[in-house]
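Heads up, the thing below is written out as C-alpha cells.
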Amino acid sequence: MVLRLENIEKSFRDSEGVVPVLRGVSFDLAAGQTLALRGESGSGKSTLLHIAGALEAPDAGHVWVSGKDLTTLDDRGRAEMRRTDIALVFQQFNLIPSLTVAQNITFQSALSGAVDRAHVEQVTDALGLSSQMKKYPEALSGGQQQRVAIARAIAAKPKLMLADEPTGNLDEDTANDVLDQLLKLVAQTGAALMVVTHSPAIAARMDRQLHLKNGRLT
C-alpha cells in the first residue's frame, strides 16, 4: 500500500472548546489506484488530506506512506517525505511568480536533487505546456497555471499524489481537460491519487469513493 491511515483522530480548539474534526478514520490506497474523498464543507476532508500529505500531524492514529509511519517523523522527516514521496495540488495554484514555467515545474524535483529531464519533457508535452516553458505564471490562463501545478507534482515522480479541489477554479471544459490529463499521467506513472472534491462528476471518474460526514467515513 502507498497510503494507509489507521484510526486517525484530529480536533481543533475554538472559542467554545475542543471541536472534533476526524474520528477514527481508516483506509488504504494502493499504487495506481485513484480515490475521491467527498463530504460537506467542514466535514474534515482537507484536514485529512493535510494529514496524509505530512502537512499536519494527527492527534492519534498512524499514517503510513510508502511503508514509513509519518507519525514517528519530526518536521524535517515529514518535509523530506514531501520532497521525495508525496506531491500536493491545491485549488490555488501556488506557483512561484518569480520563476518561469520550466523552473516551477522542476522546483520540487530539484529540491530532492532528482530532476529527470526526459520525464519532465514527457509530462509537459502531455499537458500542452511545451510552448509556455519560458513564460512566467502571470502570463498564463487559469487552466494553464493548474496544468503547471500538476506538472510540478508529477515531475517529482511521487508515489502519492494528493489533490484538493484541483479544478475548482476552472471552467467546466478546462476542468475536464485538466482532469483527463491528470488521470492519464497518474496511470502512466503508477502513482496513487486521492482527490478531495465536491463534484459527483469528478468523483465518478475515480476507482473508489469515500464520504466523510461529521469526521467519520460513511
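Numbering starts fresh at 1 for the residues of each chain in the C-alpha cells, the chains themselves are lettered A, B, ... in the order given, and ligands are numbered from 1 as they appear.
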For this session: Might you pull out every residue within 8 Å of range 18-22 of chain A, with only C-alpha atoms counted and same-chain residues fewer than 2 positions away left off, and present them as JSON, numbers by chain?
Result: {"A": [8, 9, 10, 11, 12, 13, 14, 16, 24, 25, 43, 44, 47, 48, 214, 215, 216]}
For this session: Can you check which residues of range 5-217 of chain A DSSP gives as helix (DSSP H, G or I) on the backbone and send them as a PyMOL selection string?
Result: chain A and resi 45-52+70-72+75-84+101-105+107-111+117-126+130-132+137-139+142-155+172-189+200-204
Exercise. Residues of range 8-102 of chain A in strand (DSSP E) according to DSSP, as a PyMOL selection string?
Worked result: chain A and resi 8-14+17-29+34-39+60-65+68-69+86-90
Problem set entry | Proximity to Glu121 in chain A - best of A:Phe107, A:Ser98, A:Ala151, A:Phe93, only C-alpha atoms |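 Distance minimum relative to Glu121 in chain A lands on A:Ala151.
Within 12 Å of Lys135 in chain A, once only C-alpha atoms are used and residues closer than 5 positions along the same chain are dropped, the contacting residues are Pro97, Ser98, Leu99, Thr100, Val101, Ala102, Gln103, Asn104, Ile105, Leu129, Ser130, Leu140, Ser141, Gln144, Gln145 and Val148 of chain A.
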Output of the above residues as a compact mmCIF listing (two decimals), in the first residue's frame, restricted to N, CA, C and O atoms:
# COMPACT_ATOMS: atom_id res chain seq x y z
N PRO A 97 5.79 33.19 -8.52
CA PRO A 97 5.69 34.16 -9.61
C PRO A 97 7.02 34.58 -10.20
O PRO A 97 7.08 34.99 -11.37
N SER A 98 8.10 34.50 -9.42
CA SER A 98 9.42 34.93 -9.92
C SER A 98 10.14 33.86 -10.73
O SER A 98 11.23 34.09 -11.25
N LEU A 99 9.53 32.67 -10.84
CA LEU A 99 10.13 31.57 -11.60
C LEU A 99 9.37 31.35 -12.89
O LEU A 99 8.15 31.53 -12.95
N THR A 100 10.07 30.93 -13.93
CA THR A 100 9.42 30.59 -15.18
C THR A 100 8.61 29.31 -15.02
O THR A 100 8.72 28.60 -14.01
N VAL A 101 7.82 28.99 -16.03
CA VAL A 101 7.07 27.74 -16.03
C VAL A 101 8.02 26.56 -15.87
O VAL A 101 7.78 25.66 -15.06
N ALA A 102 9.10 26.55 -16.62
CA ALA A 102 10.07 25.46 -16.54
C ALA A 102 10.64 25.33 -15.13
O ALA A 102 10.77 24.22 -14.60
N GLN A 103 10.96 26.45 -14.51
CA GLN A 103 11.54 26.43 -13.16
C GLN A 103 10.51 26.00 -12.13
O GLN A 103 10.84 25.29 -11.18
N ASN A 104 9.26 26.43 -12.31
CA ASN A 104 8.20 25.99 -11.40
C ASN A 104 8.00 24.48 -11.49
O ASN A 104 7.85 23.81 -10.47
N ILE A 105 7.99 23.95 -12.71
CA ILE A 105 7.74 22.52 -12.91
C ILE A 105 8.82 21.67 -12.26
O ILE A 105 8.54 20.61 -11.68
N LEU A 129 2.19 22.10 -22.45
CA LEU A 129 2.91 23.24 -21.88
C LEU A 129 4.24 23.53 -22.57
O LEU A 129 4.94 24.48 -22.19
N SER A 130 4.59 22.76 -23.58
CA SER A 130 5.93 22.88 -24.17
C SER A 130 6.23 24.28 -24.69
O SER A 130 7.37 24.74 -24.63
N LEU A 140 -0.05 33.33 -17.90
CA LEU A 140 -0.82 32.13 -18.21
C LEU A 140 -2.27 32.28 -17.78
O LEU A 140 -2.60 33.01 -16.85
N SER A 141 -3.14 31.53 -18.46
CA SER A 141 -4.54 31.44 -18.04
C SER A 141 -4.64 30.56 -16.80
O SER A 141 -3.68 29.87 -16.42
N GLN A 144 -3.96 26.95 -17.67
CA GLN A 144 -2.53 26.70 -17.88
C GLN A 144 -1.77 26.67 -16.56
O GLN A 144 -0.89 25.83 -16.36
N GLN A 145 -2.13 27.55 -15.64
CA GLN A 145 -1.45 27.55 -14.34
C GLN A 145 -1.73 26.25 -13.58
O GLN A 145 -0.83 25.71 -12.93
N VAL A 148 0.45 23.62 -14.93
CA VAL A 148 1.81 23.75 -14.42
C VAL A 148 1.91 23.15 -13.01
O VAL A 148 2.86 22.45 -12.69
Exercise. How many Å lie between CA of Val65 in chain A and CA of Arg4 in chain A, rounded to one decimal?
Worked result: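 Calculated distance between CA of Val65 in chain A and CA of Arg4 in chain A is 6.7 Å.
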Exercise. Leaving out range 204-211 of chain A and any residue of its chain fewer than 2 positions from it, which residues lie within 9 Å of it when counting only C-alpha atoms, given as a PyMOL selection string?
Worked result: chain A and resi 33-40+45+183+193-195+199-202+213+216-218
Take the residues from that selection and write them out as a short mmCIF file (atom, residue, chain, number, x, y, z; two decimals), in the first residue's frame, keeping all heavy atoms.
data_model
loop_
_atom_site.label_atom_id
_atom_site.label_comp_id
_atom_site.auth_asym_id
_atom_site.auth_seq_id
_atom_site.Cartn_x
_atom_site.Cartn_y
_atom_site.Cartn_z
N GLN A 33 -3.93 3.37 -7.87
CA GLN A 33 -5.35 3.48 -7.55
C GLN A 33 -5.74 4.94 -7.36
O GLN A 33 -4.94 5.75 -6.87
CB GLN A 33 -5.67 2.70 -6.28
CG GLN A 33 -7.15 2.52 -6.00
CD GLN A 33 -7.39 1.61 -4.81
OE1 GLN A 33 -6.77 1.76 -3.76
NE2 GLN A 33 -8.29 0.64 -4.98
N THR A 34 -6.96 5.30 -7.77
CA THR A 34 -7.47 6.66 -7.60
C THR A 34 -8.66 6.64 -6.65
O THR A 34 -9.48 5.71 -6.68
CB THR A 34 -7.88 7.29 -8.94
OG1 THR A 34 -8.92 6.51 -9.55
CG2 THR A 34 -6.69 7.36 -9.89
N LEU A 35 -8.75 7.66 -5.83
CA LEU A 35 -9.77 7.73 -4.79
C LEU A 35 -10.33 9.14 -4.71
O LEU A 35 -9.58 10.12 -4.70
CB LEU A 35 -9.15 7.35 -3.44
CG LEU A 35 -9.97 7.63 -2.17
CD1 LEU A 35 -11.17 6.68 -2.11
CD2 LEU A 35 -9.10 7.48 -0.93
N ALA A 36 -11.65 9.25 -4.65
CA ALA A 36 -12.31 10.53 -4.41
C ALA A 36 -12.78 10.58 -2.97
O ALA A 36 -13.42 9.65 -2.47
CB ALA A 36 -13.50 10.70 -5.34
N LEU A 37 -12.45 11.68 -2.28
CA LEU A 37 -12.91 11.91 -0.92
C LEU A 37 -13.92 13.04 -0.96
O LEU A 37 -13.60 14.16 -1.34
CB LEU A 37 -11.73 12.28 -0.02
CG LEU A 37 -12.05 12.49 1.46
CD1 LEU A 37 -12.54 11.19 2.10
CD2 LEU A 37 -10.82 13.01 2.20
N ARG A 38 -15.16 12.72 -0.59
CA ARG A 38 -16.26 13.67 -0.67
C ARG A 38 -16.80 13.97 0.72
O ARG A 38 -16.53 13.26 1.69
CB ARG A 38 -17.37 13.14 -1.57
CG ARG A 38 -16.92 12.88 -3.01
CD ARG A 38 -18.11 12.47 -3.86
NE ARG A 38 -19.08 13.57 -3.93
CZ ARG A 38 -20.35 13.39 -4.30
NH1 ARG A 38 -20.80 12.19 -4.61
NH2 ARG A 38 -21.18 14.43 -4.34
N GLY A 39 -17.59 15.03 0.80
CA GLY A 39 -18.20 15.42 2.06
C GLY A 39 -18.56 16.88 2.05
O GLY A 39 -18.04 17.66 1.23
N GLU A 40 -19.45 17.28 2.94
CA GLU A 40 -19.85 18.68 3.03
C GLU A 40 -18.68 19.53 3.55
O GLU A 40 -17.72 19.03 4.12
CB GLU A 40 -21.04 18.81 3.98
CG GLU A 40 -22.28 18.02 3.57
CD GLU A 40 -22.84 18.46 2.24
OE1 GLU A 40 -22.74 19.69 1.95
OE2 GLU A 40 -23.36 17.62 1.49
N LYS A 45 -12.42 16.96 5.21
CA LYS A 45 -11.74 16.46 4.01
C LYS A 45 -10.33 17.03 3.87
O LYS A 45 -9.36 16.30 3.69
CB LYS A 45 -12.55 16.78 2.75
CG LYS A 45 -13.95 16.24 2.72
CD LYS A 45 -14.62 16.50 1.38
CE LYS A 45 -14.63 17.95 0.96
NZ LYS A 45 -15.38 18.83 1.90
N LEU A 183 -5.40 12.18 -14.82
CA LEU A 183 -5.65 10.74 -14.69
C LEU A 183 -4.75 9.94 -15.64
O LEU A 183 -4.26 8.87 -15.28
CB LEU A 183 -7.12 10.44 -14.96
CG LEU A 183 -8.10 10.95 -13.90
CD1 LEU A 183 -9.54 10.71 -14.35
CD2 LEU A 183 -7.84 10.30 -12.55
N LEU A 193 -3.49 8.23 -6.24
CA LEU A 193 -4.08 9.57 -6.28
C LEU A 193 -5.30 9.64 -5.39
O LEU A 193 -6.21 8.83 -5.50
CB LEU A 193 -4.49 9.92 -7.72
CG LEU A 193 -5.32 11.19 -7.91
CD1 LEU A 193 -4.51 12.44 -7.57
CD2 LEU A 193 -5.86 11.27 -9.34
N MET A 194 -5.32 10.65 -4.50
CA MET A 194 -6.52 10.96 -3.72
C MET A 194 -6.94 12.38 -4.05
O MET A 194 -6.14 13.31 -3.94
CB MET A 194 -6.28 10.82 -2.22
CG MET A 194 -7.53 11.11 -1.40
SD MET A 194 -7.40 10.66 0.35
CE MET A 194 -6.39 12.01 0.98
N VAL A 195 -8.20 12.54 -4.45
CA VAL A 195 -8.75 13.85 -4.82
C VAL A 195 -9.85 14.21 -3.85
O VAL A 195 -10.81 13.45 -3.66
CB VAL A 195 -9.30 13.83 -6.25
CG1 VAL A 195 -9.95 15.17 -6.58
CG2 VAL A 195 -8.19 13.52 -7.25
N SER A 199 -17.48 17.53 -6.39
CA SER A 199 -18.11 17.24 -7.67
C SER A 199 -18.43 15.75 -7.83
O SER A 199 -17.52 14.91 -7.87
CB SER A 199 -17.18 17.67 -8.81
OG SER A 199 -17.62 17.17 -10.05
N PRO A 200 -19.70 15.39 -7.99
CA PRO A 200 -20.04 14.00 -8.26
C PRO A 200 -19.44 13.50 -9.57
O PRO A 200 -19.08 12.33 -9.69
CB PRO A 200 -21.57 14.01 -8.33
CG PRO A 200 -21.99 15.24 -7.60
CD PRO A 200 -20.90 16.24 -7.84
N ALA A 201 -19.32 14.40 -10.57
CA ALA A 201 -18.77 14.00 -11.86
C ALA A 201 -17.30 13.62 -11.74
O ALA A 201 -16.85 12.62 -12.32
CB ALA A 201 -18.95 15.13 -12.88
N ILE A 202 -16.53 14.41 -10.99
CA ILE A 202 -15.12 14.08 -10.78
C ILE A 202 -14.99 12.81 -9.97
O ILE A 202 -14.21 11.91 -10.30
CB ILE A 202 -14.39 15.25 -10.09
CG1 ILE A 202 -14.28 16.44 -11.04
CG2 ILE A 202 -13.01 14.83 -9.60
CD1 ILE A 202 -13.68 17.68 -10.43
N LYS A 213 -18.50 12.34 6.87
CA LYS A 213 -19.60 13.05 7.48
C LYS A 213 -19.36 13.11 8.99
O LYS A 213 -19.15 12.07 9.62
CB LYS A 213 -20.94 12.33 7.21
CG LYS A 213 -22.15 13.09 7.74
CD LYS A 213 -23.44 12.40 7.34
CE LYS A 213 -24.64 13.20 7.84
NZ LYS A 213 -25.92 12.54 7.43
N ARG A 216 -16.36 11.15 10.21
CA ARG A 216 -16.30 9.68 10.06
C ARG A 216 -16.56 9.32 8.61
O ARG A 216 -17.31 10.00 7.90
CB ARG A 216 -17.35 9.00 10.94
CG ARG A 216 -17.19 9.29 12.43
CD ARG A 216 -18.24 8.51 13.23
NE ARG A 216 -18.27 8.91 14.62
CZ ARG A 216 -17.46 8.42 15.56
NH1 ARG A 216 -16.56 7.52 15.22
NH2 ARG A 216 -17.54 8.83 16.82
N LEU A 217 -15.99 8.20 8.17
CA LEU A 217 -16.27 7.70 6.85
C LEU A 217 -17.63 6.99 6.83
O LEU A 217 -17.92 6.21 7.73
CB LEU A 217 -15.18 6.71 6.40
CG LEU A 217 -13.80 7.33 6.13
CD1 LEU A 217 -12.81 6.23 5.74
CD2 LEU A 217 -13.87 8.39 5.04
N THR A 218 -18.42 7.30 5.81
CA THR A 218 -19.73 6.65 5.71
C THR A 218 -19.84 5.94 4.37
O THR A 218 -19.05 6.16 3.45
CB THR A 218 -20.85 7.69 5.81
OG1 THR A 218 -20.72 8.64 4.74
CG2 THR A 218 -20.78 8.42 7.14
#
Exercise. If you count only C-alpha atoms, which residues fall within 7 Å of range 54-63 of chain A, apart from same-chain ones fewer than 3 positions away, as a ChimeraX atom specification?
Worked result: /A:4-10,50-51,69-71,78,82
Excluding range 160-167 of chain A and any residue of its chain fewer than 3 positions from it, enumerate the residues within 9 Å of it, using only C-alpha atoms, and give them as an mmCIF file with C-alpha atoms, in the first residue's frame.
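part-v3.cif, freshly written:
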data_model
loop_
_atom_site.group_PDB
_atom_site.id
_atom_site.type_symbol
_atom_site.label_atom_id
_atom_site.label_comp_id
_atom_site.auth_asym_id
_atom_site.auth_seq_id
_atom_site.Cartn_x
_atom_site.Cartn_y
_atom_site.Cartn_z
ATOM 1 C CA VAL A 2 1.188 3.504 -0.834
ATOM 2 C CA LEU A 3 -1.057 5.131 1.777
ATOM 3 C CA ALA A 31 -0.237 2.110 -6.153
ATOM 4 C CA LYS A 45 -11.740 16.455 4.012
ATOM 5 C CA SER A 46 -8.936 18.994 3.718
ATOM 6 C CA LEU A 49 -5.606 15.383 3.082
ATOM 7 C CA HIS A 50 -3.150 17.552 5.030
ATOM 8 C CA ALA A 52 -1.987 12.218 4.593
ATOM 9 C CA GLY A 53 0.339 14.753 2.950
ATOM 10 C CA VAL A 65 3.267 6.458 3.187
ATOM 11 C CA SER A 66 5.473 4.079 1.227
ATOM 12 C CA ASP A 85 7.266 10.581 -1.981
ATOM 13 C CA ILE A 86 4.307 12.978 -1.755
ATOM 14 C CA ALA A 87 3.076 15.653 -4.143
ATOM 15 C CA LEU A 88 0.201 18.048 -3.496
ATOM 16 C CA VAL A 89 -2.016 20.010 -5.875
ATOM 17 C CA PHE A 90 -4.354 22.662 -4.498
ATOM 18 C CA GLN A 91 -7.259 24.720 -5.835
ATOM 19 C CA GLN A 92 -4.972 27.743 -5.549
ATOM 20 C CA PHE A 93 -2.139 27.051 -7.947
ATOM 21 C CA GLY A 143 -6.155 26.395 -16.841
ATOM 22 C CA GLN A 146 -3.243 24.498 -12.985
ATOM 23 C CA ILE A 150 0.017 19.302 -11.910
ATOM 24 C CA ALA A 153 3.706 17.427 -8.881
ATOM 25 C CA ILE A 154 4.107 14.645 -11.445
ATOM 26 C CA LYS A 157 7.723 11.212 -9.522
ATOM 27 C CA LEU A 170 -11.595 26.329 -13.739
ATOM 28 C CA ASP A 171 -14.499 26.406 -16.173
ATOM 29 C CA GLU A 172 -16.152 23.054 -16.940
ATOM 30 C CA THR A 174 -10.974 23.297 -18.934
ATOM 31 C CA ALA A 175 -11.593 21.319 -15.751
ATOM 32 C CA ASN A 176 -12.484 18.198 -17.744
ATOM 33 C CA VAL A 178 -7.089 19.052 -16.901
ATOM 34 C CA LEU A 179 -8.646 16.053 -15.146
ATOM 35 C CA VAL A 186 -1.140 9.118 -12.938
ATOM 36 C CA ALA A 191 1.210 6.878 -8.511
ATOM 37 C CA ALA A 192 -1.681 6.611 -6.060
ATOM 38 C CA LEU A 193 -4.077 9.570 -6.285
ATOM 39 C CA MET A 194 -6.520 10.962 -3.725
ATOM 40 C CA VAL A 195 -8.746 13.848 -4.817
ATOM 41 C CA VAL A 196 -10.825 15.935 -2.426
ATOM 42 C CA THR A 197 -13.861 17.125 -4.353
ATOM 43 C CA HIS A 198 -17.449 18.292 -4.081
ATOM 44 C CA SER A 199 -18.107 17.236 -7.674
#
Problem set entry | Residue nearest Gln188 in chain A among A:Leu111, A:Met133, A:Val123, A:Ile96 (counting only C-alpha atoms) |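 The closest residue to Gln188 in chain A is A:Val123.
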Exercise. Restricting the calculation to only C-alpha atoms, which member of A:Tyr136, A:Ser15, A:Gly67, A:Asn94 is positioned closest to Asp28 in chain A?
Worked result: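 Smallest separation from Asp28 in chain A among the options: A:Gly67.
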For this session: Could you check which of A:Arg83, A:Arg147, A:Lys134, A:Lys68 is closest to Leu95 in chain A, using only C-alpha atoms?
Result: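 Checking each of A:Arg83, A:Arg147, A:Lys134, A:Lys68 against Leu95 in chain A, counting only C-alpha atoms, the winner is A:Arg147.
Across the structure, CA of Met1 in chain A and CA of Leu185 in chain A are spaced 19.5 Å apart.
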